[in-house]
file protein.cif (mmCIF, C-alpha atoms)
data_run
loop_
_atom_site.label_atom_id
_atom_site.label_comp_id
_atom_site.auth_asym_id
_atom_site.auth_seq_id
_atom_site.Cartn_x
_atom_site.Cartn_y
_atom_site.Cartn_z
CA MET A 194 8.55 -1.06 -13.87
CA ASP A 195 9.34 2.61 -13.87
CA HIS A 196 5.91 4.23 -13.99
CA GLU A 197 4.31 6.39 -11.36
CA CYS A 198 2.10 4.57 -8.87
CA SER A 199 -1.43 5.92 -8.75
CA PRO A 200 -4.24 5.33 -6.24
CA HIS A 201 -6.23 3.06 -8.58
CA GLY A 202 -9.99 3.03 -8.28
CA ARG A 203 -10.17 5.33 -5.27
CA GLU A 204 -12.91 7.91 -5.49
CA ARG A 205 -11.52 10.36 -2.96
CA LEU A 206 -8.81 12.98 -3.40
CA PRO A 207 -5.53 12.54 -1.52
CA PHE A 208 -5.39 14.62 1.66
CA ILE A 209 -3.08 17.32 0.30
CA GLU A 210 -5.30 17.86 -2.76
CA GLN A 211 -8.31 18.60 -0.55
CA LEU A 212 -6.62 21.75 0.74
CA THR A 213 -6.63 25.24 -0.75
CA HIS A 214 -3.39 26.73 -2.03
CA VAL A 215 -3.03 28.83 1.13
CA GLN A 216 -3.65 25.81 3.37
CA ARG A 217 -1.11 23.73 1.45
CA THR A 218 1.45 26.47 1.90
CA LEU A 219 0.84 26.52 5.65
CA VAL A 220 0.93 22.72 5.96
CA MET A 221 4.18 22.53 3.98
CA ALA A 222 5.84 25.45 5.79
CA ASN A 223 8.11 23.27 7.95
CA ALA A 224 8.25 20.28 5.63
CA SER A 225 11.38 18.36 4.71
CA THR A 226 11.84 15.92 1.82
CA ALA A 227 13.73 12.62 1.74
CA ARG A 228 14.19 10.01 -0.98
CA TYR A 229 14.37 6.29 -0.32
CA GLY A 230 15.33 3.37 -2.51
CA ALA A 231 13.04 0.37 -2.96
CA GLY A 232 13.11 -1.90 0.08
CA ALA A 233 14.26 0.77 2.54
CA ILE A 234 12.63 1.35 5.92
CA ALA A 235 11.66 5.01 6.16
CA ILE A 236 10.16 4.85 9.66
CA GLU A 237 10.73 2.30 12.40
CA PRO A 238 8.77 1.68 15.63
CA GLY A 239 10.15 3.96 18.31
CA ASP A 240 10.98 6.79 15.90
CA PRO A 241 9.54 10.22 16.74
CA GLU A 242 5.94 10.67 15.60
CA ARG A 243 5.73 11.88 12.02
CA ALA A 244 3.04 12.91 9.56
CA ILE A 245 4.21 12.22 6.02
CA ILE A 246 2.94 12.80 2.51
CA LEU A 247 4.05 10.19 0.01
CA GLN A 248 5.04 12.45 -2.86
CA ARG A 249 6.09 9.63 -5.19
CA GLY A 250 6.16 5.84 -5.14
CA LEU A 251 4.47 3.04 -3.21
CA ALA A 252 4.87 2.39 0.52
CA ARG A 253 3.73 -0.28 2.94
CA VAL A 254 2.91 0.26 6.61
CA PHE A 255 3.22 -2.88 8.71
CA ILE A 256 3.33 -4.00 12.33
CA THR A 257 5.52 -6.76 13.76
CA SER A 258 4.60 -9.17 16.54
CA ALA A 259 6.91 -10.11 19.41
CA ASP A 260 7.87 -13.31 17.60
CA GLY A 261 8.74 -11.49 14.37
CA ARG A 262 5.59 -12.06 12.29
CA GLN A 263 4.44 -9.15 10.16
CA ALA A 264 1.00 -7.85 9.20
CA THR A 265 0.44 -5.17 6.59
CA VAL A 266 -1.70 -2.26 7.78
CA GLY A 267 -2.01 -0.78 4.31
CA TYR A 268 -0.34 0.29 1.09
CA PHE A 269 0.01 3.98 0.35
CA TYR A 270 0.25 5.84 -2.96
CA ARG A 271 1.27 9.22 -4.31
CA GLY A 272 -0.43 11.99 -2.31
CA ASP A 273 -1.43 9.74 0.60
CA LEU A 274 -0.98 10.86 4.19
CA ILE A 275 0.88 8.43 6.45
CA GLY A 276 0.62 8.93 10.20
CA GLY A 277 -2.56 11.01 10.20
CA HIS A 278 -3.94 8.97 13.11
CA LEU A 279 -0.96 10.06 15.22
CA VAL A 280 -2.02 13.69 14.87
CA MET A 281 -5.06 12.91 17.01
CA GLY A 282 -3.09 10.99 19.64
CA ALA A 283 -3.61 7.38 18.51
CA ASP A 284 -0.76 5.17 19.70
CA LEU A 285 -0.73 2.48 16.97
CA THR A 286 2.77 2.63 15.51
CA GLY A 287 4.30 0.58 12.75
CA ALA A 288 7.14 0.60 10.27
CA VAL A 289 7.04 2.23 6.84
CA GLN A 290 8.70 0.30 4.03
CA VAL A 291 9.03 1.80 0.56
CA ILE A 292 8.19 -0.82 -2.07
CA THR A 293 9.33 1.24 -5.05
CA ASP A 294 11.76 4.18 -5.14
CA SER A 295 9.86 6.83 -3.21
CA THR A 296 9.92 10.44 -2.08
CA LEU A 297 8.46 11.27 1.35
CA VAL A 298 7.63 14.72 2.68
CA ASP A 299 7.70 15.07 6.47
CA LEU A 300 5.17 17.78 7.39
CA GLY A 301 6.56 18.41 10.87
CA MET A 302 4.20 17.00 13.48
CA ALA A 303 4.10 20.05 15.77
CA ASN A 304 3.15 22.47 12.99
CA PHE A 305 0.65 20.05 11.48
CA ARG A 306 -1.06 19.42 14.83
CA ARG A 307 -1.33 23.16 15.42
CA LEU A 308 -2.93 23.73 12.00
CA VAL A 309 -5.42 20.89 12.48
CA GLY A 310 -6.45 22.41 15.79
CA ALA A 311 -6.73 25.93 14.38
CA ASP A 312 -8.40 25.36 10.99
CA ALA A 313 -11.66 23.40 10.88
CA SER A 314 -11.41 22.73 7.13
CA ILE A 315 -7.94 21.19 7.50
CA ALA A 316 -9.29 19.07 10.36
CA ALA A 317 -12.24 18.02 8.17
CA ALA A 318 -9.87 17.02 5.36
CA LEU A 319 -7.88 14.95 7.84
CA ALA A 320 -11.08 13.30 9.12
CA ARG A 321 -12.17 12.41 5.57
CA ASP A 322 -8.74 11.00 4.82
CA GLN A 323 -8.71 8.82 7.93
CA ALA A 324 -12.26 7.64 7.23
CA GLU A 325 -11.21 6.58 3.73
CA GLN A 326 -8.18 4.72 5.10
CA TYR A 327 -10.49 2.91 7.51
CA ALA A 328 -12.87 2.07 4.66
CA GLN A 329 -9.99 0.74 2.59
CA ALA A 330 -8.96 -1.52 5.47
CA ILE A 331 -12.53 -2.87 5.55
CA ARG A 332 -12.40 -3.50 1.79
CA VAL A 333 -9.19 -5.48 2.21
CA ALA A 334 -10.79 -7.50 5.02
CA ALA A 335 -13.75 -8.18 2.72
CA MET A 336 -11.36 -9.32 0.01
CA HIS A 337 -9.82 -11.87 2.38
CA ALA A 338 -13.28 -13.15 3.28
CA PHE A 339 -15.13 -12.93 -0.04
CA GLY A 340 -12.63 -12.13 -2.79
CA SER A 341 -11.58 -14.33 -5.66
CA VAL A 342 -8.58 -16.63 -5.42
CA LEU A 343 -6.88 -14.36 -7.96
CA GLN A 344 -7.14 -11.39 -5.60
CA LYS A 345 -6.04 -13.41 -2.60
CA VAL A 346 -3.02 -14.78 -4.46
CA ALA A 347 -2.12 -11.26 -5.65
CA PHE A 348 -2.20 -9.99 -2.06
CA GLU A 349 -0.28 -13.00 -0.71
CA VAL A 350 2.45 -12.66 -3.34
CA LEU A 351 2.87 -8.95 -2.66
CA GLU A 352 2.81 -9.49 1.11
CA ARG A 353 5.44 -12.23 1.05
CA SER A 354 7.65 -10.50 -1.50
CA SER A 355 7.53 -7.26 0.51
CA ARG A 356 8.82 -9.12 3.56
CA SER A 357 11.53 -10.72 1.41
CA GLN A 358 12.47 -7.32 -0.01
CA LEU A 359 13.55 -6.16 3.45
CA GLU A 360 16.42 -8.65 3.30
CA THR A 361 17.15 -9.01 -0.42
CA GLN A 362 16.11 -5.57 -1.77
CA ALA A 363 14.18 -7.47 -4.48
CA LEU A 364 10.44 -8.12 -4.78
CA GLN A 365 11.00 -11.82 -5.23
CA LEU A 366 10.17 -14.87 -3.19
CA SER A 367 10.95 -18.55 -3.17
CA VAL A 368 7.65 -20.35 -2.62
CA SER A 369 5.81 -23.43 -3.83
CA HIS A 370 2.26 -23.48 -5.16
CA GLN A 371 1.30 -25.54 -2.14
CA GLU A 372 2.66 -22.93 0.29
CA LEU A 373 0.68 -20.21 -1.48
CA ALA A 374 -2.41 -22.43 -1.50
CA ASP A 375 -2.06 -22.95 2.25
CA GLY A 376 -1.69 -19.18 2.70
CA VAL A 377 -4.89 -18.29 0.84
CA GLY A 378 -6.97 -21.31 1.83
CA SER A 379 -7.17 -22.85 -1.62
CA VAL A 380 -5.70 -25.80 -3.52
CA ARG A 381 -2.53 -26.04 -5.55
CA TYR A 382 -3.95 -26.26 -9.07
CA VAL A 383 -6.28 -23.27 -8.51
CA VAL A 384 -3.38 -21.18 -7.20
CA GLY A 385 -1.31 -22.28 -10.20
CA ARG A 386 -4.03 -21.01 -12.49
CA ALA A 387 -4.14 -17.68 -10.63
CA LEU A 388 -0.37 -17.29 -10.91
CA ALA A 389 -0.61 -17.97 -14.65
CA GLN A 390 -3.23 -15.21 -14.96
CA LEU A 391 -1.08 -12.74 -13.03
CA SER A 392 1.85 -13.63 -15.26
CA GLU A 393 -0.22 -13.14 -18.42
CA LEU A 394 -1.21 -9.69 -17.14
CA GLY A 395 2.45 -8.76 -16.74
CA LEU A 396 2.25 -8.38 -12.96
CA ILE A 397 4.62 -11.21 -12.03
CA ALA A 398 7.12 -13.63 -13.53
CA THR A 399 7.25 -17.22 -12.35
CA GLY A 400 9.97 -19.85 -12.28
CA ARG A 401 10.61 -23.06 -10.43
CA GLN A 402 9.34 -22.28 -6.90
CA ARG A 403 10.11 -18.60 -7.52
CA VAL A 404 7.87 -15.58 -8.10
CA THR A 405 9.17 -12.14 -9.10
CA VAL A 406 6.91 -9.10 -8.84
CA LEU A 407 7.14 -7.00 -11.99
CA ASP A 408 4.53 -4.37 -11.17
CA ALA A 409 3.81 -3.92 -7.47
CA CYS A 410 1.40 -1.03 -8.01
CA ARG A 411 -0.93 -2.89 -10.34
CA LEU A 412 -0.65 -6.05 -8.25
CA GLU A 413 -1.81 -4.17 -5.15
CA ALA A 414 -4.55 -2.45 -7.17
CA LEU A 415 -5.94 -5.82 -8.20
CA ALA A 416 -5.77 -7.20 -4.65
CA ALA A 417 -7.44 -4.15 -3.11
CA ALA A 418 -10.16 -3.64 -5.73
CA PRO A 419 -13.77 -4.25 -4.71
CA TYR A 420 -13.82 -8.00 -4.28
CA MET A 421 -14.65 -10.09 -7.33
CA ARG A 422 -16.84 -13.14 -6.98
CA GLU A 423 -15.17 -16.34 -8.07
CA SER A 424 -15.37 -16.59 -11.84
CA ARG A 425 -13.62 -18.10 -14.80
CA ARG A 426 -13.58 -14.68 -16.45
CA GLN A 427 -10.41 -12.65 -16.85
CA PRO A 428 -10.26 -9.78 -14.32
CA SER A 429 -11.21 -6.37 -15.63
CA LEU A 430 -8.29 -4.82 -17.46
CA SER A 431 -9.53 -1.41 -16.31
CA VAL A 432 -8.36 -2.44 -12.85
CA VAL A 433 -5.03 -4.01 -13.65
CA SER A 434 -3.93 -1.61 -16.38
CA ALA A 435 -4.62 1.55 -14.37
CA GLY A 436 -1.00 1.68 -13.23
CA GLN A 437 0.07 2.44 -16.81
CA GLN A 438 -1.60 5.82 -16.63
CA HIS A 439 0.66 8.77 -15.85
#
call {"tool": "encode", "arguments": {"input": "protein.cif", "output": "structure tokens"}}
result
Amino acid sequence: MDHECSPHGRERLPFIEQLTHVQRTLVMANASTARYGAGAIAIEPGDPERAIILQRGLARVFITSADGRQATVGYFYRGDLIGGHLVMGADLTGAVQVITDSTLVDLGMANFRRLVGADASIAAALARDQAEQYAQAIRVAAMHAFGSVLQKVAFEVLERSSRSQLETQALQLSVSHQELADGVGSVRYVVGRALAQLSELGLIATGRQRVTVLDACRLEALAAAPYMRESRRQPSLSVVSAGQQH
């Protein structure tokens, strides 16, 4: 789908929108812009440290184990700051994959670090942003522990299709209901029902052992929403239709 991804359901402002006009001008003084097609890797482990604003699109930050397994750190939307933890010297590095066609603005780490050290309000905005990213990670962990099967299947489909996209450039995966059930700790018929719901909502299309993601932004919004207790009710359309807003 060709709509703009939005940070659904998040109460905080993106980092750049917390700054005054003068502060934004200073932060963007040495910035450079690059565009990436869906499925591209914008940053790889070992690249120079970078602080980036996602100007448009949807991106995934993930880490890879020595044996090649991947774990998603988080999904990032328009206006989000990627690499803010590096400004303060944290050494956790990962790769940045763009899930949809995206525009990234590199702030220039040296200039950004200098401004954070010199301007307390910029530093406070960075601290709030990093606290919100931490809180979002906790919400995702809560979803894995307490969320509905629908949310868990949504996350699992997006996670697996994102890994597949690195090789095929398509958000599509070949998977059986049983494999998804094993991945989310459920049973096949319950996962089948969840896939049918996601299909009815226009988030995915299903075929014989094949799932195609039609709307990655809304799929991630559903997975990352405050966890829903198991219910036979349809998920709130205010959550899953938010991605249609421009």
call {"tool": "atom_distance", "arguments": {"input": "protein.cif", "atom1": "CA of Gln365 in chain A", "atom2": "CA of Val404 in chain A"}}
result
5.7 Å
call {"tool": "atom_distance", "arguments": {"input": "protein.cif", "atom1": "CA of Met336 in chain A", "atom2": "CA of Ala416 in chain A"}}
result
7.6 Å
call {"tool": "residues_around", "arguments": {"input": "protein.cif", "residues": "Ala224 in chain A", "least_positions_apart": "4", "cutoff": "8 Å", "atoms": "only C-alpha atoms", "output": "PyMOL selection string"}}
result
chain A and resi 220+298-301
call {"tool": "resolve_selection", "arguments": {"input": "protein.cif", "expression": "the PyMOL selection byres ((chain A and resi 310-318) around 12)", "output": "number ranges by chain"}}
result
A: 205-217, 219-220, 274, 277-278, 280-281, 303-309, 319-325
call {"tool": "resolve_selection", "arguments": {"input": "protein.cif", "expression": "the PyMOL selection byres ((chain A and resi 351) around 12)", "output": "ChimeraX atom specification"}}
result
/A:252-253,265,267-268,292,344-350,352-358,363-366,373,391,396-397,404-417
call {"tool": "closest_residue", "arguments": {"input": "protein.cif", "among": "A:Glu393, A:Glu372, A:Glu242, A:Asp260", "to": "Gly276 in chain A", "atoms": "only C-alpha atoms"}}
result
A:Glu242
call {"tool": "decode", "arguments": {"input": "protein.cif", "residues": "range 396-414 of chain A", "atoms": "N, CA and C atoms", "output": "PDB file, in the first residue's frame"}}
result
ATOM      1  N   LEU A 396      -4.869  -6.624   5.929  1.00  0.00           N
ATOM      2  CA  LEU A 396      -3.466  -6.501   6.316  1.00  0.00           C
ATOM      3  C   LEU A 396      -2.582  -7.519   5.606  1.00  0.00           C
ATOM      4  N   ILE A 397      -3.154  -8.681   5.289  1.00  0.00           N
ATOM      5  CA  ILE A 397      -2.392  -9.740   4.623  1.00  0.00           C
ATOM      6  C   ILE A 397      -3.272 -10.412   3.578  1.00  0.00           C
ATOM      7  N   ALA A 398      -2.628 -11.173   2.698  1.00  0.00           N
ATOM      8  CA  ALA A 398      -3.331 -12.081   1.793  1.00  0.00           C
ATOM      9  C   ALA A 398      -2.737 -13.466   2.007  1.00  0.00           C
ATOM     10  N   THR A 399      -3.581 -14.477   2.003  1.00  0.00           N
ATOM     11  CA  THR A 399      -3.104 -15.828   2.264  1.00  0.00           C
ATOM     12  C   THR A 399      -3.362 -16.736   1.069  1.00  0.00           C
ATOM     13  N   GLY A 400      -2.470 -17.700   0.904  1.00  0.00           N
ATOM     14  CA  GLY A 400      -2.610 -18.732  -0.108  1.00  0.00           C
ATOM     15  C   GLY A 400      -2.167 -20.049   0.493  1.00  0.00           C
ATOM     16  N   ARG A 401      -1.938 -21.020  -0.327  1.00  0.00           N
ATOM     17  CA  ARG A 401      -1.498 -22.319   0.173  1.00  0.00           C
ATOM     18  C   ARG A 401      -0.082 -22.200   0.734  1.00  0.00           C
ATOM     19  N   GLN A 402       0.046 -22.273   2.046  1.00  0.00           N
ATOM     20  CA  GLN A 402       1.314 -22.140   2.763  1.00  0.00           C
ATOM     21  C   GLN A 402       2.075 -20.880   2.332  1.00  0.00           C
ATOM     22  N   ARG A 403       1.340 -19.808   2.096  1.00  0.00           N
ATOM     23  CA  ARG A 403       1.965 -18.541   1.702  1.00  0.00           C
ATOM     24  C   ARG A 403       1.184 -17.382   2.309  1.00  0.00           C
ATOM     25  N   VAL A 404       1.912 -16.424   2.858  1.00  0.00           N
ATOM     26  CA  VAL A 404       1.305 -15.215   3.417  1.00  0.00           C
ATOM     27  C   VAL A 404       2.015 -14.002   2.806  1.00  0.00           C
ATOM     28  N   THR A 405       1.237 -13.063   2.282  1.00  0.00           N
ATOM     29  CA  THR A 405       1.772 -11.828   1.728  1.00  0.00           C
ATOM     30  C   THR A 405       1.289 -10.661   2.576  1.00  0.00           C
ATOM     31  N   VAL A 406       2.205  -9.828   3.014  1.00  0.00           N
ATOM     32  CA  VAL A 406       1.848  -8.653   3.808  1.00  0.00           C
ATOM     33  C   VAL A 406       1.410  -7.549   2.864  1.00  0.00           C
ATOM     34  N   LEU A 407       0.195  -7.053   3.061  1.00  0.00           N
ATOM     35  CA  LEU A 407      -0.345  -5.983   2.232  1.00  0.00           C
ATOM     36  C   LEU A 407      -0.154  -4.610   2.864  1.00  0.00           C
ATOM     37  N   ASP A 408      -0.130  -4.561   4.179  1.00  0.00           N
ATOM     38  CA  ASP A 408      -0.005  -3.278   4.874  1.00  0.00           C
ATOM     39  C   ASP A 408       0.859  -3.466   6.120  1.00  0.00           C
ATOM     40  N   ALA A 409       2.159  -3.296   5.946  1.00  0.00           N
ATOM     41  CA  ALA A 409       3.101  -3.529   7.045  1.00  0.00           C
ATOM     42  C   ALA A 409       2.889  -2.554   8.187  1.00  0.00           C
ATOM     43  N   CYS A 410       2.519  -1.315   7.886  1.00  0.00           N
ATOM     44  CA  CYS A 410       2.374  -0.309   8.936  1.00  0.00           C
ATOM     45  C   CYS A 410       1.222  -0.645   9.873  1.00  0.00           C
ATOM     46  N   ARG A 411       0.085  -0.988   9.322  1.00  0.00           N
ATOM     47  CA  ARG A 411      -1.071  -1.328  10.147  1.00  0.00           C
ATOM     48  C   ARG A 411      -0.875  -2.674  10.851  1.00  0.00           C
ATOM     49  N   LEU A 412      -0.155  -3.581  10.203  1.00  0.00           N
ATOM     50  CA  LEU A 412       0.124  -4.867  10.842  1.00  0.00           C
ATOM     51  C   LEU A 412       0.978  -4.666  12.086  1.00  0.00           C
ATOM     52  N   GLU A 413       2.005  -3.841  11.971  1.00  0.00           N
ATOM     53  CA  GLU A 413       2.870  -3.557  13.124  1.00  0.00           C
ATOM     54  C   GLU A 413       2.103  -2.792  14.194  1.00  0.00           C
ATOM     55  N   ALA A 414       1.208  -1.875  13.771  1.00  0.00           N
ATOM     56  CA  ALA A 414       0.415  -1.113  14.738  1.00  0.00           C
ATOM     57  C   ALA A 414      -0.455  -2.037  15.580  1.00  0.00           C
TER      58      ALA A 414
END
